[in-house]
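Data first, discussion second: the structure below is written as structure tokens.
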Amino acid sequence: MDPDPRRDPGLDRSDEILDTAASRRYAERMAARAARGEKVGDVAERRAGRRRPKSRHDAAPVAPRSADDYAGDVDALAESAPATESRPSAASGRARNTAIFSLLTGFSRIAGLLREMLAAGFYGTTGPASAFTLAFQIPNLLRSLFADAALSAAFVPVFSDLLQQKRRKEAFSLAANLAWVVLLALSAVTAISILLTPLVVPLLTSDLSDADTTLAVHLTQIMFPVVALLGLNGLLVGILNAEDHFTIPALSPVIWNLLIMAFMIGTHVAIDDPGDQLYGYAIGVLVGTVAQLLMAVPLVRRKGFKLGRLRWNTDGQVRQVLVLMLPVALGLGLVNFNLLINSTLGFKISEAVPRAIDAAFRLYMMPQGIFSVAIATVLFPALSRAAARHDHGDLRAIIGDGMRLILVLLIPAAAVSIALAAPIVRLVFQRGEFDAESTKLAAEALWVFSITLPLNGLNLLLTRTFFALKDPWTTTRLAVLSLLVNLVVSVALYKPLGVGGIVAGTVAANIAVVGAQIRVLRSRLGGSLGLMRTATAAVRILVAAAVLAAVCVGVDAGVRSVLGDGVLSLAIAIGASLAIGGAAYLAILRALGVKEAVRLESMVRGRLGRA
């Protein structure tokens, strides 16, 4: 609920300062009395922000408190002011973190786009390029099952819960033990997978030539070690995110992409055969992943993480994370299995289709990575903390804020992507081996992918909410629903509609899953997620986005009619379309009173002004 607009916010802040000062003095008196051995009550504990359990069933045994405990209350009060901020202030802080993370992630996405442009020019949509696409997706599927996002999503709620309880030493003991489990288990998974690759890959490439199938086997084997490396990296990134540190996790992919491009260029210059050149691409992926992991190590060490020797966690937190990880892994793995479905069906149309769909998917993931991934990543620790406090009201407020932020950013991104699909693909990819036919296939896939941009962003946020609630089995069931819907729709439509029919399965799956997620969360959290406010904002955003799309089409056509269809004219046309259309979009949002857009705009201007 919004604060009373008639109340002076300075009064709220004054009350907060007075209350904090009084609590500090009281805690100091209690510490002194405890040091003298006097019996003291727990009022200081309540003043320091620690709530009693609501019922005797929730209560944990309370040990007698010492002078050090009460002295800790004094220190805790120094950190309590942010926790007592009003909900709008907390939301503004999250929006600020989201913008910073989005900016940093944007650099990594640009680097990734440059990598894809380089790959398109070198390899096009040839059979070897599609072989690499499949070879990359197979380790990526296992990564989602056993490592990285799945591990981080299961680890962060447990780790955050321990930090909330001021059990920092136990939290980092959990992290160290889990790191050993990850290293040992995923190394074994990697070794077994490398041995099985020659048996599995030919089952997925029945319509590919023998030479390209062999290439896919070798490339897959080279890239499989990233599964173990990303497993450990997911754990370290989880520690940093739980500590509200997002900079290095957002910037390390830039180094990853730069190293890959260096290997791609080196092998392209040194080797003539396009198939053999792809070995450099695969080795670059492996080396870049090692560098990505090493960038996080110094930071987590400063936070207090030490690997040490393996000591099984007697309190059962390691087991708790692994139990949570099972449904998370299944859920994320099933989602990534959709990409394999796209590639396998694509081979049945032509050898060019898997690579064309992958190129479109990379463009589709640009706004996803810059906006929705950033929002979900920044909000996940806040969601986990609110879930640990059983504060369903705060959870609902965070979800509502996140949904509206995603819509105000991704609906216009979808409008631009739909309106300018072909020009964007031509500008980014059409050169070298990536010809006009490749552009046509990729543009068709991008047009359909774009429809689901806002839905996929909401899906990501709501999935993280279930992880924060430590209820990943719901996401697993919904992932099964997503897989079934995607499979049925894609198989039914790929023959009559071609590339668009394959991608249409992704659209249908996202519609089904987001609807189910909202229904379950409303019931679970016992109240509205602010859907009426979100729906009202969505209608206004759609109106502004429709104008944005129309302006983009008109400006693009007008500029190219004057300057022609060269690369420079395409860049000018798309840039002008985005600038003029974006200004129109923001102006309409302001006129329609969309608060999220106004808040983001003022926050960004403030950051730029301070910079």
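By order of appearance in the structure tokens: chains A, B, ..., then residues from 1 within every chain, and ligands from 1 in the order shown.
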
Which residues of region 378-437 of chain A sit at most 12 Å from region 514-518 of chain A, using only C-alpha atoms? Give each one's shortest atom pair and distance in Å (one decimal place), in chain and ascending residue order, as a tab-separated table.
```
residue	atom	partner	partner_atom	distance
A:Arg396	CA	A:Ile518	CA	11.1
A:Ile399	CA	A:Ile518	CA	10.3
A:Gly400	CA	A:Ile518	CA	11.0
A:Met403	CA	A:Ile518	CA	10.9
```

Expected file contents, prior selection, all heavy atoms, as a PDB file, in the first residue's frame:
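Contents of the output file selection_4.pdb:
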```
ATOM      1  N   ARG A 396       4.522 -10.214  -2.265  1.00  0.00           N
ATOM      2  CA  ARG A 396       3.565  -9.795  -3.302  1.00  0.00           C
ATOM      3  C   ARG A 396       3.947  -8.442  -3.886  1.00  0.00           C
ATOM      4  O   ARG A 396       3.839  -8.210  -5.092  1.00  0.00           O
ATOM      5  CB  ARG A 396       2.150  -9.748  -2.716  1.00  0.00           C
ATOM      6  CG  ARG A 396       1.588 -11.110  -2.341  1.00  0.00           C
ATOM      7  CD  ARG A 396       0.086 -11.051  -2.126  1.00  0.00           C
ATOM      8  NE  ARG A 396      -0.276 -10.127  -1.065  1.00  0.00           N
ATOM      9  CZ  ARG A 396      -0.418 -10.454   0.220  1.00  0.00           C
ATOM     10  NH1 ARG A 396      -0.202 -11.719   0.582  1.00  0.00           N
ATOM     11  NH2 ARG A 396      -0.756  -9.560   1.121  1.00  0.00           N
ATOM     12  N   ILE A 399       6.972  -8.882  -6.207  1.00  0.00           N
ATOM     13  CA  ILE A 399       6.543  -9.512  -7.466  1.00  0.00           C
ATOM     14  C   ILE A 399       5.829  -8.503  -8.346  1.00  0.00           C
ATOM     15  O   ILE A 399       6.082  -8.407  -9.554  1.00  0.00           O
ATOM     16  CB  ILE A 399       5.630 -10.718  -7.176  1.00  0.00           C
ATOM     17  CG1 ILE A 399       6.413 -11.826  -6.471  1.00  0.00           C
ATOM     18  CG2 ILE A 399       5.023 -11.253  -8.477  1.00  0.00           C
ATOM     19  CD1 ILE A 399       5.531 -12.931  -5.919  1.00  0.00           C
ATOM     20  N   GLY A 400       4.912  -7.736  -7.753  1.00  0.00           N
ATOM     21  CA  GLY A 400       4.176  -6.742  -8.533  1.00  0.00           C
ATOM     22  C   GLY A 400       5.089  -5.710  -9.152  1.00  0.00           C
ATOM     23  O   GLY A 400       4.965  -5.374 -10.344  1.00  0.00           O
ATOM     24  N   MET A 403       7.061  -7.382 -12.012  1.00  0.00           N
ATOM     25  CA  MET A 403       6.247  -7.632 -13.206  1.00  0.00           C
ATOM     26  C   MET A 403       6.066  -6.356 -14.024  1.00  0.00           C
ATOM     27  O   MET A 403       6.187  -6.359 -15.254  1.00  0.00           O
ATOM     28  CB  MET A 403       4.894  -8.213 -12.799  1.00  0.00           C
ATOM     29  CG  MET A 403       4.947  -9.629 -12.249  1.00  0.00           C
ATOM     30  SD  MET A 403       3.352 -10.221 -11.606  1.00  0.00           S
ATOM     31  CE  MET A 403       2.435 -10.402 -13.126  1.00  0.00           C
TER      32      MET A 403
END
```

Who sits within 9 Å of region 531-539 of chain A, only C-alpha atoms, same chain under 6 positions skipped, as a PyMOL selection string = chain A and resi 400-401+403-404+407-408+411+593-596

May I have the selected residues written with N, CA, C and O atoms, as a short mmCIF file (atom, residue, chain, number, x, y, z; two decimals), in the first residue's frame?
```cif
data_model
loop_
_atom_site.label_atom_id
_atom_site.label_comp_id
_atom_site.auth_asym_id
_atom_site.auth_seq_id
_atom_site.Cartn_x
_atom_site.Cartn_y
_atom_site.Cartn_z
N GLY A 400 4.91 -7.74 -7.75
CA GLY A 400 4.18 -6.74 -8.53
C GLY A 400 5.09 -5.71 -9.15
O GLY A 400 4.97 -5.37 -10.34
N ASP A 401 6.04 -5.18 -8.35
CA ASP A 401 7.01 -4.21 -8.89
C ASP A 401 7.81 -4.82 -10.03
O ASP A 401 8.03 -4.20 -11.07
N MET A 403 7.06 -7.38 -12.01
CA MET A 403 6.25 -7.63 -13.21
C MET A 403 6.07 -6.36 -14.02
O MET A 403 6.19 -6.36 -15.25
N ARG A 404 5.77 -5.26 -13.33
CA ARG A 404 5.54 -4.01 -14.06
C ARG A 404 6.83 -3.48 -14.69
O ARG A 404 6.82 -2.93 -15.80
N LEU A 407 7.40 -5.52 -17.83
CA LEU A 407 6.50 -5.16 -18.93
C LEU A 407 6.87 -3.82 -19.54
O LEU A 407 6.81 -3.67 -20.77
N VAL A 408 7.24 -2.84 -18.72
CA VAL A 408 7.55 -1.52 -19.26
C VAL A 408 8.82 -1.55 -20.10
O VAL A 408 9.03 -0.68 -20.95
N ILE A 411 7.84 -5.11 -23.30
CA ILE A 411 6.80 -4.92 -24.32
C ILE A 411 7.32 -4.02 -25.46
O ILE A 411 7.16 -4.35 -26.64
N GLY A 593 0.54 8.32 -17.60
CA GLY A 593 0.76 8.19 -16.17
C GLY A 593 1.27 6.83 -15.72
O GLY A 593 0.90 6.36 -14.64
N VAL A 594 2.13 6.20 -16.51
CA VAL A 594 2.72 4.91 -16.11
C VAL A 594 3.87 5.20 -15.14
O VAL A 594 4.94 5.67 -15.55
N LYS A 595 3.66 4.92 -13.86
CA LYS A 595 4.59 5.34 -12.81
C LYS A 595 5.95 4.66 -12.95
O LYS A 595 6.98 5.27 -12.68
N GLU A 596 5.95 3.41 -13.34
CA GLU A 596 7.23 2.68 -13.43
C GLU A 596 8.16 3.33 -14.45
O GLU A 596 9.37 3.40 -14.22
#
```

If we count only C-alpha atoms, what is near Ser343 (chain A) at a cut-off of 8 Å, once residues fewer than 6 positions away on the same chain are taken out, given as a ChimeraX atom specification?
-> /A:134,353-354,357

Considering only C-alpha atoms, return as a list in words whatever protein or nucleic-acid residues lie within 8 Å of region 367-377 of chain A, sequence-local ones (same chain, fewer than 3 positions apart) excluded.
->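 Surrounding residues, per the criterion: Thr98, Phe101, Ser102, Leu103, Thr105, Gly106, Arg109, Asn241, Leu363, Tyr364, Phe380, Pro381, Gly402, Leu405, Ile406, Leu409, Leu410, Ala413, Leu453, Gly457, Leu458, Leu460, Leu461 and Arg464 of chain A.
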
Output the selection as a PDB file, in the first residue's frame - N, CA and C atoms for each residue.
```
ATOM      1  N   THR A  98      18.715  -2.715 -10.278  1.00  0.00           N
ATOM      2  CA  THR A  98      18.334  -3.313 -11.558  1.00  0.00           C
ATOM      3  C   THR A  98      18.926  -2.532 -12.720  1.00  0.00           C
ATOM      4  N   PHE A 101      22.712  -3.178 -12.838  1.00  0.00           N
ATOM      5  CA  PHE A 101      22.975  -4.523 -13.340  1.00  0.00           C
ATOM      6  C   PHE A 101      22.624  -4.624 -14.818  1.00  0.00           C
ATOM      7  N   SER A 102      21.522  -3.972 -15.219  1.00  0.00           N
ATOM      8  CA  SER A 102      21.121  -3.997 -16.624  1.00  0.00           C
ATOM      9  C   SER A 102      22.179  -3.353 -17.501  1.00  0.00           C
ATOM     10  N   LEU A 103      22.750  -2.234 -17.023  1.00  0.00           N
ATOM     11  CA  LEU A 103      23.780  -1.546 -17.803  1.00  0.00           C
ATOM     12  C   LEU A 103      25.002  -2.431 -17.987  1.00  0.00           C
ATOM     13  N   THR A 105      25.150  -5.717 -17.620  1.00  0.00           N
ATOM     14  CA  THR A 105      24.793  -6.876 -18.428  1.00  0.00           C
ATOM     15  C   THR A 105      24.696  -6.499 -19.900  1.00  0.00           C
ATOM     16  N   GLY A 106      24.271  -5.258 -20.148  1.00  0.00           N
ATOM     17  CA  GLY A 106      24.191  -4.793 -21.527  1.00  0.00           C
ATOM     18  C   GLY A 106      25.526  -4.857 -22.238  1.00  0.00           C
ATOM     19  N   ARG A 109      26.110  -8.392 -23.164  1.00  0.00           N
ATOM     20  CA  ARG A 109      25.259  -8.797 -24.286  1.00  0.00           C
ATOM     21  C   ARG A 109      25.765  -8.229 -25.603  1.00  0.00           C
ATOM     22  N   ASN A 241      25.629 -12.838  -5.213  1.00  0.00           N
ATOM     23  CA  ASN A 241      24.275 -12.304  -5.322  1.00  0.00           C
ATOM     24  C   ASN A 241      23.600 -12.195  -3.961  1.00  0.00           C
ATOM     25  N   LEU A 363      19.499 -12.939 -30.737  1.00  0.00           N
ATOM     26  CA  LEU A 363      18.938 -11.587 -30.780  1.00  0.00           C
ATOM     27  C   LEU A 363      17.781 -11.449 -29.784  1.00  0.00           C
ATOM     28  N   TYR A 364      16.970 -12.474 -29.713  1.00  0.00           N
ATOM     29  CA  TYR A 364      15.835 -12.491 -28.779  1.00  0.00           C
ATOM     30  C   TYR A 364      16.311 -12.387 -27.332  1.00  0.00           C
ATOM     31  N   PHE A 380      15.997 -11.494  -6.739  1.00  0.00           N
ATOM     32  CA  PHE A 380      16.010 -12.831  -6.136  1.00  0.00           C
ATOM     33  C   PHE A 380      16.456 -12.824  -4.671  1.00  0.00           C
ATOM     34  N   PRO A 381      17.569 -12.133  -4.313  1.00  0.00           N
ATOM     35  CA  PRO A 381      17.910 -12.091  -2.885  1.00  0.00           C
ATOM     36  C   PRO A 381      16.833 -11.445  -2.032  1.00  0.00           C
ATOM     37  N   GLY A 402       8.274  -6.059  -9.813  1.00  0.00           N
ATOM     38  CA  GLY A 402       9.075  -6.720 -10.835  1.00  0.00           C
ATOM     39  C   GLY A 402       8.315  -6.961 -12.119  1.00  0.00           C
ATOM     40  N   LEU A 405       7.952  -3.637 -13.984  1.00  0.00           N
ATOM     41  CA  LEU A 405       9.235  -3.228 -14.567  1.00  0.00           C
ATOM     42  C   LEU A 405       9.551  -4.041 -15.817  1.00  0.00           C
ATOM     43  N   ILE A 406       9.297  -5.348 -15.754  1.00  0.00           N
ATOM     44  CA  ILE A 406       9.550  -6.209 -16.919  1.00  0.00           C
ATOM     45  C   ILE A 406       8.677  -5.791 -18.091  1.00  0.00           C
ATOM     46  N   LEU A 409       9.659  -2.576 -19.894  1.00  0.00           N
ATOM     47  CA  LEU A 409      10.898  -2.691 -20.662  1.00  0.00           C
ATOM     48  C   LEU A 409      10.797  -3.678 -21.818  1.00  0.00           C
ATOM     49  N   LEU A 410      10.084  -4.786 -21.610  1.00  0.00           N
ATOM     50  CA  LEU A 410      10.089  -5.843 -22.623  1.00  0.00           C
ATOM     51  C   LEU A 410       8.957  -5.732 -23.644  1.00  0.00           C
ATOM     52  N   ALA A 413      10.445  -3.619 -26.266  1.00  0.00           N
ATOM     53  CA  ALA A 413      11.497  -4.394 -26.932  1.00  0.00           C
ATOM     54  C   ALA A 413      10.886  -5.373 -27.924  1.00  0.00           C
ATOM     55  N   LEU A 453       8.517 -12.332 -25.723  1.00  0.00           N
ATOM     56  CA  LEU A 453       9.505 -11.622 -24.902  1.00  0.00           C
ATOM     57  C   LEU A 453       8.972 -11.245 -23.517  1.00  0.00           C
ATOM     58  N   GLY A 457       9.975 -13.026 -19.761  1.00  0.00           N
ATOM     59  CA  GLY A 457      10.483 -12.243 -18.649  1.00  0.00           C
ATOM     60  C   GLY A 457       9.685 -12.476 -17.377  1.00  0.00           C
ATOM     61  N   LEU A 458       8.358 -12.499 -17.500  1.00  0.00           N
ATOM     62  CA  LEU A 458       7.509 -12.784 -16.335  1.00  0.00           C
ATOM     63  C   LEU A 458       7.755 -14.201 -15.823  1.00  0.00           C
ATOM     64  N   LEU A 460      10.494 -15.914 -15.926  1.00  0.00           N
ATOM     65  CA  LEU A 460      11.753 -15.949 -15.193  1.00  0.00           C
ATOM     66  C   LEU A 460      11.587 -15.405 -13.779  1.00  0.00           C
ATOM     67  N   LEU A 461      10.900 -14.271 -13.643  1.00  0.00           N
ATOM     68  CA  LEU A 461      10.685 -13.676 -12.324  1.00  0.00           C
ATOM     69  C   LEU A 461       9.855 -14.588 -11.429  1.00  0.00           C
ATOM     70  N   ARG A 464      11.773 -17.624 -10.194  1.00  0.00           N
ATOM     71  CA  ARG A 464      12.654 -17.283  -9.088  1.00  0.00           C
ATOM     72  C   ARG A 464      11.866 -17.144  -7.776  1.00  0.00           C
TER      73      ARG A 464
END
```

Exercise: region 541-553 of chain A partners within 6 Å, only C-alpha atoms, chain neighbours under 2 positions left out, as number ranges by chain = A: 412, 415-416, 419, 538-539, 555-556, 577, 581, 585, 588

With N, CA and C atoms retained, could you export that selection as a compact mmCIF listing (two decimals), in the first residue's frame?
```
# COMPACT_ATOMS: atom_id res chain seq x y z
N PRO A 412 7.96 -2.88 -25.16
CA PRO A 412 8.54 -2.10 -26.27
C PRO A 412 9.66 -2.82 -27.01
N ALA A 415 7.99 -4.98 -29.42
CA ALA A 415 7.43 -4.20 -30.53
C ALA A 415 8.51 -3.83 -31.55
N VAL A 416 9.67 -3.41 -31.05
CA VAL A 416 10.77 -3.07 -31.95
C VAL A 416 11.25 -4.31 -32.71
N ALA A 419 8.72 -5.21 -35.42
CA ALA A 419 8.65 -4.23 -36.50
C ALA A 419 9.91 -4.25 -37.37
N ALA A 538 -0.19 -2.49 -18.20
CA ALA A 538 0.11 -3.23 -19.43
C ALA A 538 -0.66 -2.67 -20.62
N VAL A 539 -1.94 -2.31 -20.40
CA VAL A 539 -2.74 -1.75 -21.49
C VAL A 539 -2.13 -0.44 -21.98
N VAL A 555 9.96 5.24 -39.99
CA VAL A 555 11.29 5.85 -40.05
C VAL A 555 12.26 4.96 -40.81
N ASP A 556 12.21 3.64 -40.55
CA ASP A 556 13.11 2.72 -41.24
C ASP A 556 12.89 2.77 -42.75
N SER A 577 15.17 4.98 -35.98
CA SER A 577 13.90 4.39 -35.57
C SER A 577 13.82 4.24 -34.05
N GLY A 581 11.32 6.55 -32.15
CA GLY A 581 10.27 5.72 -31.57
C GLY A 581 10.36 5.66 -30.06
N TYR A 585 7.58 6.72 -27.38
CA TYR A 585 7.12 5.75 -26.38
C TYR A 585 7.15 6.35 -24.98
N ILE A 588 4.45 9.07 -24.51
CA ILE A 588 3.09 8.53 -24.32
C ILE A 588 2.95 7.92 -22.95
```

Considering only C-alpha atoms, return as a count of residues only whatever protein or nucleic-acid residues lie within 7 Å of Ser417 (chain A), sequence-local ones (same chain, fewer than 4 positions apart) excluded.
-> 4

Close residues, Leu208 (chain A) itself excluded, 7 Å, only C-alpha atoms, min 4 positions apart in chain, as a PyMOL selection string | chain A and resi 212-213+351

Could you write out that same residue set with N, CA, C and O atoms as a PDB file, in the first residue's frame?
```
ATOM      1  N   ASP A 212      29.635 -33.901 -40.735  1.00  0.00           N
ATOM      2  CA  ASP A 212      29.159 -32.892 -39.780  1.00  0.00           C
ATOM      3  C   ASP A 212      28.735 -33.538 -38.460  1.00  0.00           C
ATOM      4  O   ASP A 212      28.871 -32.933 -37.396  1.00  0.00           O
ATOM      5  N   THR A 213      28.231 -34.770 -38.528  1.00  0.00           N
ATOM      6  CA  THR A 213      27.891 -35.484 -37.296  1.00  0.00           C
ATOM      7  C   THR A 213      29.148 -35.775 -36.477  1.00  0.00           C
ATOM      8  O   THR A 213      29.171 -35.602 -35.253  1.00  0.00           O
ATOM      9  N   GLU A 351      19.464 -28.279 -43.218  1.00  0.00           N
ATOM     10  CA  GLU A 351      20.613 -28.185 -42.324  1.00  0.00           C
ATOM     11  C   GLU A 351      20.867 -26.752 -41.881  1.00  0.00           C
ATOM     12  O   GLU A 351      21.589 -26.501 -40.900  1.00  0.00           O
TER      13      GLU A 351
END
```

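With distances restricted to only C-alpha atoms, A:Asp161 is the closest residue to Lys470 (chain A) from A:Glu433, A:Asp358, A:Asp161, A:Glu116.
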
Correct to one decimal, the distance CA of Ser209 (chain A)-CA of Pro274 (chain A) is 15.0 Å

Interatomic distance (Å, one decimal) between CA of Met261 (chain A) and CA of Gln430 (chain A) |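 Rounded to one decimal, the two atoms are 18.1 Å apart.
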
Where in region 220-312 of chain A does DSSP assign helix (DSSP H, G or I), given as an MDAnalysis selection string?
-> chainID A and resid 220:223 226:242 247:270 274:303
